[in-house]
$ cat query-v3.tsv   # TSV, N, CA and C atoms
chain	number	residue	atom	x	y	z
F	1	MET	N	-53.63	-49.85	-91.90
F	1	MET	CA	-53.71	-51.29	-92.01
F	1	MET	C	-54.98	-51.64	-92.80
F	2	ASN	N	-54.87	-52.63	-93.68
F	2	ASN	CA	-55.98	-53.01	-94.53
F	2	ASN	C	-56.97	-53.92	-93.82
F	3	ARG	N	-58.22	-53.69	-94.09
F	3	ARG	CA	-59.30	-54.52	-93.55
F	3	ARG	C	-59.27	-55.89	-94.22
F	4	LEU	N	-59.50	-56.94	-93.44
F	4	LEU	CA	-59.51	-58.30	-93.97
F	4	LEU	C	-60.84	-58.58	-94.68
F	5	THR	N	-60.78	-59.42	-95.69
F	5	THR	CA	-62.00	-59.91	-96.31
F	5	THR	C	-62.64	-60.93	-95.37
F	6	ALA	N	-63.88	-61.27	-95.62
F	6	ALA	CA	-64.56	-62.29	-94.80
F	6	ALA	C	-63.80	-63.61	-94.85
F	7	GLU	N	-63.28	-63.96	-96.01
F	7	GLU	CA	-62.54	-65.21	-96.17
F	7	GLU	C	-61.23	-65.18	-95.38
F	8	GLU	N	-60.53	-64.06	-95.44
F	8	GLU	CA	-59.28	-63.92	-94.70
F	8	GLU	C	-59.53	-63.97	-93.20
F	9	ALA	N	-60.59	-63.32	-92.76
F	9	ALA	CA	-60.94	-63.33	-91.33
F	9	ALA	C	-61.27	-64.73	-90.87
F	10	SER	N	-62.06	-65.46	-91.65
F	10	SER	CA	-62.44	-66.84	-91.29
F	10	SER	C	-61.22	-67.75	-91.25
F	11	ALA	N	-60.35	-67.62	-92.23
F	11	ALA	CA	-59.14	-68.44	-92.26
F	11	ALA	C	-58.23	-68.11	-91.09
F	12	GLY	N	-58.10	-66.84	-90.76
F	12	GLY	CA	-57.24	-66.44	-89.65
F	12	GLY	C	-57.78	-66.90	-88.31
F	13	VAL	N	-59.06	-66.76	-88.10
F	13	VAL	CA	-59.65	-67.13	-86.81
F	13	VAL	C	-59.64	-68.65	-86.63
F	14	ALA	N	-59.63	-69.39	-87.72
F	14	ALA	CA	-59.57	-70.85	-87.63
F	14	ALA	C	-58.25	-71.32	-87.02
F	15	GLN	N	-57.23	-70.47	-87.06
F	15	GLN	CA	-55.92	-70.80	-86.49
F	15	GLN	C	-55.83	-70.48	-85.00
F	16	LEU	N	-56.88	-69.88	-84.45
F	16	LEU	CA	-56.88	-69.43	-83.05
F	16	LEU	C	-57.72	-70.36	-82.18
F	17	ASP	N	-57.45	-70.34	-80.89
F	17	ASP	CA	-58.13	-71.21	-79.94
F	17	ASP	C	-59.39	-70.57	-79.38
F	18	GLY	N	-60.54	-70.99	-79.85
F	18	GLY	CA	-61.79	-70.54	-79.26
F	18	GLY	C	-62.33	-69.21	-79.74
F	19	TRP	N	-61.70	-68.61	-80.71
F	19	TRP	CA	-62.15	-67.32	-81.23
F	19	TRP	C	-63.15	-67.55	-82.35
F	20	ARG	N	-64.05	-66.56	-82.53
F	20	ARG	CA	-64.99	-66.63	-83.64
F	20	ARG	C	-65.19	-65.23	-84.20
F	21	VAL	N	-65.56	-65.20	-85.46
F	21	VAL	CA	-65.87	-63.94	-86.12
F	21	VAL	C	-67.31	-63.59	-85.79
F	22	LYS	N	-67.54	-62.35	-85.38
F	22	LYS	CA	-68.89	-61.85	-85.15
F	22	LYS	C	-68.95	-60.44	-85.70
F	23	ASP	N	-69.72	-60.29	-86.78
F	23	ASP	CA	-69.81	-59.00	-87.47
F	23	ASP	C	-68.41	-58.56	-87.88
F	24	ASP	N	-67.98	-57.40	-87.45
F	24	ASP	CA	-66.65	-56.89	-87.80
F	24	ASP	C	-65.66	-57.05	-86.65
F	25	THR	N	-65.84	-58.11	-85.85
F	25	THR	CA	-64.97	-58.35	-84.71
F	25	THR	C	-64.58	-59.83	-84.65
F	26	ILE	N	-63.57	-60.11	-83.82
F	26	ILE	CA	-63.33	-61.48	-83.38
F	26	ILE	C	-63.51	-61.48	-81.88
F	27	MET	N	-64.06	-62.58	-81.39
F	27	MET	CA	-64.44	-62.63	-79.99
F	27	MET	C	-64.11	-64.01	-79.42
F	28	ARG	N	-63.70	-64.01	-78.16
F	28	ARG	CA	-63.51	-65.26	-77.43
F	28	ARG	C	-64.15	-65.10	-76.06
F	29	ARG	N	-65.00	-66.05	-75.71
F	29	ARG	CA	-65.63	-66.08	-74.38
F	29	ARG	C	-65.01	-67.25	-73.63
F	30	ILE	N	-64.41	-66.95	-72.49
F	30	ILE	CA	-63.70	-67.94	-71.70
F	30	ILE	C	-64.49	-68.20	-70.42
F	31	LYS	N	-64.85	-69.45	-70.19
F	31	LYS	CA	-65.51	-69.82	-68.94
F	31	LYS	C	-64.46	-69.88	-67.84
F	32	THR	N	-64.83	-69.41	-66.66
F	32	THR	CA	-63.90	-69.39	-65.53
F	32	THR	C	-64.56	-70.01	-64.31
F	33	ARG	N	-63.74	-70.36	-63.33
F	33	ARG	CA	-64.23	-70.93	-62.08
F	33	ARG	C	-65.01	-69.92	-61.25
F	34	ASP	N	-64.56	-68.66	-61.34
F	34	ASP	CA	-65.13	-67.64	-60.48
F	34	ASP	C	-64.75	-66.25	-61.00
F	35	PHE	N	-65.14	-65.24	-60.28
F	35	PHE	CA	-64.85	-63.87	-60.69
F	35	PHE	C	-63.35	-63.58	-60.67
F	36	ALA	N	-62.64	-64.09	-59.68
F	36	ALA	CA	-61.20	-63.82	-59.57
F	36	ALA	C	-60.45	-64.33	-60.79
F	37	GLU	N	-60.81	-65.49	-61.29
F	37	GLU	CA	-60.14	-66.01	-62.49
F	37	GLU	C	-60.49	-65.17	-63.71
F	38	ALA	N	-61.74	-64.74	-63.82
F	38	ALA	CA	-62.15	-63.86	-64.92
F	38	ALA	C	-61.35	-62.56	-64.89
F	39	LEU	N	-61.16	-62.01	-63.71
F	39	LEU	CA	-60.40	-60.77	-63.56
F	39	LEU	C	-58.93	-60.99	-63.92
F	40	ARG	N	-58.37	-62.12	-63.54
F	40	ARG	CA	-56.97	-62.44	-63.88
F	40	ARG	C	-56.81	-62.50	-65.40
F	41	ILE	N	-57.75	-63.13	-66.09
F	41	ILE	CA	-57.69	-63.24	-67.54
F	41	ILE	C	-57.83	-61.86	-68.18
F	42	ALA	N	-58.75	-61.06	-67.68
F	42	ALA	CA	-58.94	-59.70	-68.20
F	42	ALA	C	-57.66	-58.88	-68.03
F	43	ASN	N	-57.03	-58.98	-66.88
F	43	ASN	CA	-55.79	-58.24	-66.64
F	43	ASN	C	-54.67	-58.72	-67.55
F	44	LEU	N	-54.59	-60.02	-67.77
F	44	LEU	CA	-53.58	-60.57	-68.67
F	44	LEU	C	-53.81	-60.07	-70.10
F	45	ALA	N	-55.06	-60.09	-70.55
F	45	ALA	CA	-55.38	-59.57	-71.89
F	45	ALA	C	-55.05	-58.07	-71.97
F	46	GLY	N	-55.30	-57.36	-70.89
F	46	GLY	CA	-54.98	-55.93	-70.85
F	46	GLY	C	-53.49	-55.67	-70.95
F	47	GLU	N	-52.68	-56.51	-70.30
F	47	GLU	CA	-51.22	-56.36	-70.39
F	47	GLU	C	-50.75	-56.60	-71.82
F	48	VAL	N	-51.29	-57.64	-72.45
F	48	VAL	CA	-50.94	-57.92	-73.85
F	48	VAL	C	-51.33	-56.74	-74.73
F	49	ALA	N	-52.51	-56.21	-74.51
F	49	ALA	CA	-53.01	-55.07	-75.29
F	49	ALA	C	-52.10	-53.85	-75.15
F	50	GLU	N	-51.68	-53.57	-73.93
F	50	GLU	CA	-50.79	-52.42	-73.71
F	50	GLU	C	-49.45	-52.61	-74.42
F	51	GLN	N	-48.92	-53.83	-74.36
F	51	GLN	CA	-47.64	-54.11	-75.03
F	51	GLN	C	-47.75	-53.92	-76.54
F	52	ARG	N	-48.90	-54.27	-77.10
F	52	ARG	CA	-49.09	-54.22	-78.55
F	52	ARG	C	-49.72	-52.90	-79.01
F	53	ASN	N	-50.20	-52.09	-78.05
F	53	ASN	CA	-50.93	-50.86	-78.36
F	53	ASN	C	-52.13	-51.16	-79.27
F	54	HIS	N	-52.81	-52.24	-78.95
F	54	HIS	CA	-54.02	-52.66	-79.69
F	54	HIS	C	-54.99	-53.21	-78.66
F	55	HIS	N	-56.02	-52.45	-78.38
F	55	HIS	CA	-56.83	-52.70	-77.19
F	55	HIS	C	-58.20	-53.30	-77.51
F	56	PRO	N	-58.55	-54.38	-76.82
F	56	PRO	CA	-59.84	-55.01	-77.03
F	56	PRO	C	-60.91	-54.42	-76.12
F	57	GLU	N	-62.12	-54.81	-76.39
F	57	GLU	CA	-63.20	-54.61	-75.43
F	57	GLU	C	-63.18	-55.85	-74.55
F	58	ILE	N	-63.23	-55.66	-73.25
F	58	ILE	CA	-63.21	-56.79	-72.32
F	58	ILE	C	-64.43	-56.68	-71.41
F	59	ARG	N	-65.19	-57.76	-71.34
F	59	ARG	CA	-66.32	-57.84	-70.41
F	59	ARG	C	-66.08	-59.06	-69.53
F	60	LEU	N	-66.39	-58.91	-68.25
F	60	LEU	CA	-66.21	-60.04	-67.36
F	60	LEU	C	-67.27	-60.03	-66.28
F	61	GLY	N	-67.44	-61.18	-65.70
F	61	GLY	CA	-68.36	-61.35	-64.59
F	61	GLY	C	-68.05	-62.68	-63.93
F	62	TRP	N	-68.89	-63.06	-63.00
F	62	TRP	CA	-68.67	-64.33	-62.35
F	62	TRP	C	-68.80	-65.44	-63.39
F	63	GLY	N	-67.72	-66.17	-63.60
F	63	GLY	CA	-67.75	-67.33	-64.48
F	63	GLY	C	-67.40	-67.08	-65.94
F	64	PHE	N	-67.04	-65.84	-66.32
F	64	PHE	CA	-66.68	-65.62	-67.72
F	64	PHE	C	-65.83	-64.37	-67.91
F	65	CYS	N	-65.08	-64.40	-69.01
F	65	CYS	CA	-64.38	-63.22	-69.51
F	65	CYS	C	-64.52	-63.25	-71.03
F	66	ARG	N	-64.99	-62.17	-71.60
F	66	ARG	CA	-65.15	-62.08	-73.06
F	66	ARG	C	-64.24	-60.99	-73.60
F	67	ILE	N	-63.45	-61.36	-74.59
F	67	ILE	CA	-62.47	-60.46	-75.20
F	67	ILE	C	-62.86	-60.28	-76.66
F	68	THR	N	-62.96	-59.02	-77.10
F	68	THR	CA	-63.37	-58.72	-78.46
F	68	THR	C	-62.39	-57.74	-79.09
F	69	PHE	N	-61.87	-58.11	-80.26
F	69	PHE	CA	-60.97	-57.24	-81.01
F	69	PHE	C	-61.61	-56.77	-82.31
F	70	THR	N	-61.34	-55.55	-82.68
F	70	THR	CA	-61.62	-54.98	-83.99
F	70	THR	C	-60.68	-53.79	-84.17
F	71	THR	N	-60.50	-53.36	-85.39
F	71	THR	CA	-59.67	-52.19	-85.66
F	71	THR	C	-60.59	-51.07	-86.11
F	72	HIS	N	-60.89	-50.16	-85.20
F	72	HIS	CA	-61.85	-49.10	-85.49
F	72	HIS	C	-61.40	-48.22	-86.65
F	73	ASP	N	-60.11	-47.91	-86.72
F	73	ASP	CA	-59.59	-47.05	-87.79
F	73	ASP	C	-59.81	-47.66	-89.18
F	74	ALA	N	-59.82	-49.01	-89.25
F	74	ALA	CA	-60.01	-49.69	-90.53
F	74	ALA	C	-61.48	-50.03	-90.77
F	75	GLY	N	-62.31	-49.86	-89.76
F	75	GLY	CA	-63.72	-50.18	-89.91
F	75	GLY	C	-64.02	-51.66	-89.89
F	76	GLY	N	-63.16	-52.44	-89.26
F	76	GLY	CA	-63.39	-53.88	-89.18
F	76	GLY	C	-62.13	-54.62	-88.80
F	77	LEU	N	-62.07	-55.87	-89.17
F	77	LEU	CA	-60.96	-56.73	-88.78
F	77	LEU	C	-59.72	-56.49	-89.63
F	78	THR	N	-58.56	-56.54	-88.97
F	78	THR	CA	-57.28	-56.46	-89.65
F	78	THR	C	-56.37	-57.55	-89.09
F	79	GLN	N	-55.22	-57.67	-89.71
F	79	GLN	CA	-54.24	-58.63	-89.23
F	79	GLN	C	-53.84	-58.33	-87.79
F	80	ALA	N	-53.86	-57.06	-87.40
F	80	ALA	CA	-53.51	-56.68	-86.02
F	80	ALA	C	-54.44	-57.35	-85.02
F	81	ASP	N	-55.71	-57.52	-85.37
F	81	ASP	CA	-56.66	-58.18	-84.47
F	81	ASP	C	-56.31	-59.66	-84.30
F	82	LEU	N	-56.01	-60.32	-85.41
F	82	LEU	CA	-55.64	-61.73	-85.35
F	82	LEU	C	-54.34	-61.91	-84.56
F	83	ASP	N	-53.38	-61.03	-84.79
F	83	ASP	CA	-52.10	-61.11	-84.09
F	83	ASP	C	-52.28	-60.87	-82.59
F	84	ALA	N	-53.13	-59.91	-82.23
F	84	ALA	CA	-53.38	-59.63	-80.81
F	84	ALA	C	-54.09	-60.80	-80.15
F	85	ALA	N	-55.05	-61.39	-80.84
F	85	ALA	CA	-55.75	-62.56	-80.29
F	85	ALA	C	-54.78	-63.72	-80.08
F	86	ALA	N	-53.88	-63.94	-81.03
F	86	ALA	CA	-52.88	-64.99	-80.88
F	86	ALA	C	-51.96	-64.71	-79.70
F	87	ALA	N	-51.61	-63.45	-79.49
F	87	ALA	CA	-50.76	-63.08	-78.34
F	87	ALA	C	-51.50	-63.31	-77.03
F	88	VAL	N	-52.80	-63.03	-76.99
F	88	VAL	CA	-53.59	-63.31	-75.79
F	88	VAL	C	-53.60	-64.82	-75.53
F	89	ASP	N	-53.83	-65.61	-76.58
F	89	ASP	CA	-53.82	-67.06	-76.43
F	89	ASP	C	-52.48	-67.55	-75.87
F	90	GLU	N	-51.40	-67.01	-76.40
F	90	GLU	CA	-50.08	-67.41	-75.93
F	90	GLU	C	-49.88	-67.04	-74.46
F	91	ALA	N	-50.31	-65.86	-74.07
F	91	ALA	CA	-50.19	-65.44	-72.68
F	91	ALA	C	-51.03	-66.33	-71.77
F	92	LEU	N	-52.22	-66.69	-72.21
F	92	LEU	CA	-53.09	-67.57	-71.41
F	92	LEU	C	-52.50	-68.95	-71.24
F	93	ALA	N	-51.75	-69.39	-72.27
F	93	ALA	CA	-51.11	-70.71	-72.23
F	93	ALA	C	-49.83	-70.69	-71.39
F	94	GLY	N	-49.46	-69.50	-70.92
F	94	GLY	CA	-48.27	-69.39	-70.08
F	94	GLY	C	-47.01	-69.04	-70.83
F	95	GLY	N	-47.17	-68.67	-72.09
F	95	GLY	CA	-46.01	-68.35	-72.93
F	95	GLY	C	-45.69	-66.94	-72.82

$ encode --input "query-v3.tsv" --output "structure tokens"
Amino acid sequence: MNRLTAEEASAGVAQLDGWRVKDDTIMRRIKTRDFAEALRIANLAGEVAEQRNHHPEIRLGWGFCRITFTTHDAGGLTQADLDAAAAVDEALAGG
């Protein structure tokens, strides 16, 4: 899979809810009511990742869950990262 240019990454992330480009990744930090909600979001993102075979880095704690995608094989962002982020957004929205 081809690595996205900075312009392609910016345009793609602009179509997503709450995601931002950081270095060679896209990241979304979600505020939560408590640890249980952060864990629920992390598990949901994990299920999406398993279905797509494209796995993010997930960090969570009381009041937050942070999801970060990059494509290590490509050395940066690819369309697979944008697609996975969109799938996470859809799952979070109940779709």

$ closest_residue --input "query-v3.tsv" --among "F:Ala45, F:Met1, F:Ala91, F:Ala11" --to "F:Asp73" --atoms "only C-alpha atoms"
F:Met1

$ residues_near_point --input "query-v3.tsv" --point "(-51.5, -60.9, -71.2)" --cutoff "9 Å" --atoms "only C-alpha atoms" --output "list of chain:residue names"
F:Ile41, F:Ala42, F:Asn43, F:Leu44, F:Ala45, F:Gly46, F:Glu47, F:Val48, F:Ala49, F:Glu50, F:Gln51, F:Ala87, F:Val88, F:Asp89, F:Glu90, F:Ala91, F:Leu92

$ write_last_selection --input "query-v3.tsv" --atoms "N, CA and C atoms" --output "tab-separated table (two decimals), in the frame of the given file"
chain	number	residue	atom	x	y	z
F	41	ILE	N	-57.75	-63.13	-66.09
F	41	ILE	CA	-57.69	-63.24	-67.54
F	41	ILE	C	-57.83	-61.86	-68.18
F	42	ALA	N	-58.75	-61.06	-67.68
F	42	ALA	CA	-58.94	-59.70	-68.20
F	42	ALA	C	-57.66	-58.88	-68.03
F	43	ASN	N	-57.03	-58.98	-66.88
F	43	ASN	CA	-55.79	-58.24	-66.64
F	43	ASN	C	-54.67	-58.72	-67.55
F	44	LEU	N	-54.59	-60.02	-67.77
F	44	LEU	CA	-53.58	-60.57	-68.67
F	44	LEU	C	-53.81	-60.07	-70.10
F	45	ALA	N	-55.06	-60.09	-70.55
F	45	ALA	CA	-55.38	-59.57	-71.89
F	45	ALA	C	-55.05	-58.07	-71.97
F	46	GLY	N	-55.30	-57.36	-70.89
F	46	GLY	CA	-54.98	-55.93	-70.85
F	46	GLY	C	-53.49	-55.67	-70.95
F	47	GLU	N	-52.68	-56.51	-70.30
F	47	GLU	CA	-51.22	-56.36	-70.39
F	47	GLU	C	-50.75	-56.60	-71.82
F	48	VAL	N	-51.29	-57.64	-72.45
F	48	VAL	CA	-50.94	-57.92	-73.85
F	48	VAL	C	-51.33	-56.74	-74.73
F	49	ALA	N	-52.51	-56.21	-74.51
F	49	ALA	CA	-53.01	-55.07	-75.29
F	49	ALA	C	-52.10	-53.85	-75.15
F	50	GLU	N	-51.68	-53.57	-73.93
F	50	GLU	CA	-50.79	-52.42	-73.71
F	50	GLU	C	-49.45	-52.61	-74.42
F	51	GLN	N	-48.92	-53.83	-74.36
F	51	GLN	CA	-47.64	-54.11	-75.03
F	51	GLN	C	-47.75	-53.92	-76.54
F	87	ALA	N	-51.61	-63.45	-79.49
F	87	ALA	CA	-50.76	-63.08	-78.34
F	87	ALA	C	-51.50	-63.31	-77.03
F	88	VAL	N	-52.80	-63.03	-76.99
F	88	VAL	CA	-53.59	-63.31	-75.79
F	88	VAL	C	-53.60	-64.82	-75.53
F	89	ASP	N	-53.83	-65.61	-76.58
F	89	ASP	CA	-53.82	-67.06	-76.43
F	89	ASP	C	-52.48	-67.55	-75.87
F	90	GLU	N	-51.40	-67.01	-76.40
F	90	GLU	CA	-50.08	-67.41	-75.93
F	90	GLU	C	-49.88	-67.04	-74.46
F	91	ALA	N	-50.31	-65.86	-74.07
F	91	ALA	CA	-50.19	-65.44	-72.68
F	91	ALA	C	-51.03	-66.33	-71.77
F	92	LEU	N	-52.22	-66.69	-72.21
F	92	LEU	CA	-53.09	-67.57	-71.41
F	92	LEU	C	-52.50	-68.95	-71.24

$ select_by_dssp --input "query-v3.tsv" --residues "chain F" --states "strand (DSSP E)" --output "ChimeraX atom specification"
/F:20-22,25-31,57-61,64-69

$ residues_around --input "query-v3.tsv" --residues "stretch 52-65 of chain F" --least-positions-apart "6" --cutoff "6.5 Å" --atoms "all atoms listed in the file" --output "list in words"
Arg28, Arg29, Ile30, Lys31, Thr32, Arg33, Asp34, Phe35, Ala38 and Ala42 of chain F

$ atom_distance --input "query-v3.tsv" --atom1 "atom N of F:Gln15" --atom2 "atom C of F:Ala85"
10.0 Å

$ atom_distance --input "query-v3.tsv" --atom1 "atom CA of F:Leu82" --atom2 "atom C of F:Glu37"
22.4 Å

$ axis_aligned_box --input "query-v3.tsv" --around "stretch 83-94 of chain F" --padding-each-side "8 Å" --output "lines of an AutoDock Vina configuration file"
center_x = -51.4
center_y = -65.2
center_z = -77.4
size_x = 24.7
size_y = 27.1
size_z = 30.7

$ select_by_dssp --input "query-v3.tsv" --residues "chain F" --states "helix (DSSP H, G or I)" --output "ChimeraX atom specification"
/F:6-13,35-52,72-74,79-92

$ closest_residue --input "query-v3.tsv" --among "F:Leu39, F:Thr25, F:Ala9, F:Phe69" --to "F:Ala84" --atoms "all atoms listed in the file"
F:Phe69

$ decode --input "query-v3.tsv" --residues "stretch 50-63 of chain F" --atoms "N, CA and C atoms" --output "PDB file, in the first residue's frame"
ATOM      1  N   GLU F  50      -9.522  -6.007  14.472  1.00  0.00           N
ATOM      2  CA  GLU F  50      -9.439  -7.443  14.158  1.00  0.00           C
ATOM      3  C   GLU F  50     -10.175  -7.767  12.864  1.00  0.00           C
ATOM      4  N   GLN F  51     -11.350  -7.169  12.683  1.00  0.00           N
ATOM      5  CA  GLN F  51     -12.123  -7.413  11.463  1.00  0.00           C
ATOM      6  C   GLN F  51     -11.368  -6.944  10.225  1.00  0.00           C
ATOM      7  N   ARG F  52     -10.640  -5.845  10.351  1.00  0.00           N
ATOM      8  CA  ARG F  52      -9.938  -5.249   9.214  1.00  0.00           C
ATOM      9  C   ARG F  52      -8.491  -5.733   9.093  1.00  0.00           C
ATOM     10  N   ASN F  53      -8.002  -6.427  10.128  1.00  0.00           N
ATOM     11  CA  ASN F  53      -6.599  -6.843  10.204  1.00  0.00           C
ATOM     12  C   ASN F  53      -5.666  -5.629  10.054  1.00  0.00           C
ATOM     13  N   HIS F  54      -6.044  -4.560  10.723  1.00  0.00           N
ATOM     14  CA  HIS F  54      -5.255  -3.313  10.731  1.00  0.00           C
ATOM     15  C   HIS F  54      -5.365  -2.740  12.141  1.00  0.00           C
ATOM     16  N   HIS F  55      -4.294  -2.851  12.886  1.00  0.00           N
ATOM     17  CA  HIS F  55      -4.357  -2.657  14.330  1.00  0.00           C
ATOM     18  C   HIS F  55      -3.738  -1.344  14.790  1.00  0.00           C
ATOM     19  N   PRO F  56      -4.475  -0.591  15.605  1.00  0.00           N
ATOM     20  CA  PRO F  56      -3.961   0.670  16.121  1.00  0.00           C
ATOM     21  C   PRO F  56      -3.204   0.477  17.429  1.00  0.00           C
ATOM     22  N   GLU F  57      -2.563   1.533  17.838  1.00  0.00           N
ATOM     23  CA  GLU F  57      -2.082   1.617  19.211  1.00  0.00           C
ATOM     24  C   GLU F  57      -3.233   2.227  20.000  1.00  0.00           C
ATOM     25  N   ILE F  58      -3.556   1.628  21.125  1.00  0.00           N
ATOM     26  CA  ILE F  58      -4.657   2.131  21.955  1.00  0.00           C
ATOM     27  C   ILE F  58      -4.122   2.382  23.357  1.00  0.00           C
ATOM     28  N   ARG F  59      -4.357   3.580  23.856  1.00  0.00           N
ATOM     29  CA  ARG F  59      -4.017   3.924  25.241  1.00  0.00           C
ATOM     30  C   ARG F  59      -5.292   4.386  25.917  1.00  0.00           C
ATOM     31  N   LEU F  60      -5.466   3.980  27.158  1.00  0.00           N
ATOM     32  CA  LEU F  60      -6.654   4.404  27.873  1.00  0.00           C
ATOM     33  C   LEU F  60      -6.353   4.578  29.346  1.00  0.00           C
ATOM     34  N   GLY F  61      -7.209   5.328  29.967  1.00  0.00           N
ATOM     35  CA  GLY F  61      -7.128   5.551  31.399  1.00  0.00           C
ATOM     36  C   GLY F  61      -8.446   6.144  31.857  1.00  0.00           C
ATOM     37  N   TRP F  62      -8.489   6.547  33.094  1.00  0.00           N
ATOM     38  CA  TRP F  62      -9.718   7.149  33.590  1.00  0.00           C
ATOM     39  C   TRP F  62      -9.971   8.437  32.813  1.00  0.00           C
ATOM     40  N   GLY F  63     -11.083   8.475  32.093  1.00  0.00           N
ATOM     41  CA  GLY F  63     -11.500   9.683  31.401  1.00  0.00           C
ATOM     42  C   GLY F  63     -11.027   9.839  29.968  1.00  0.00           C
TER      43      GLY F  63
END
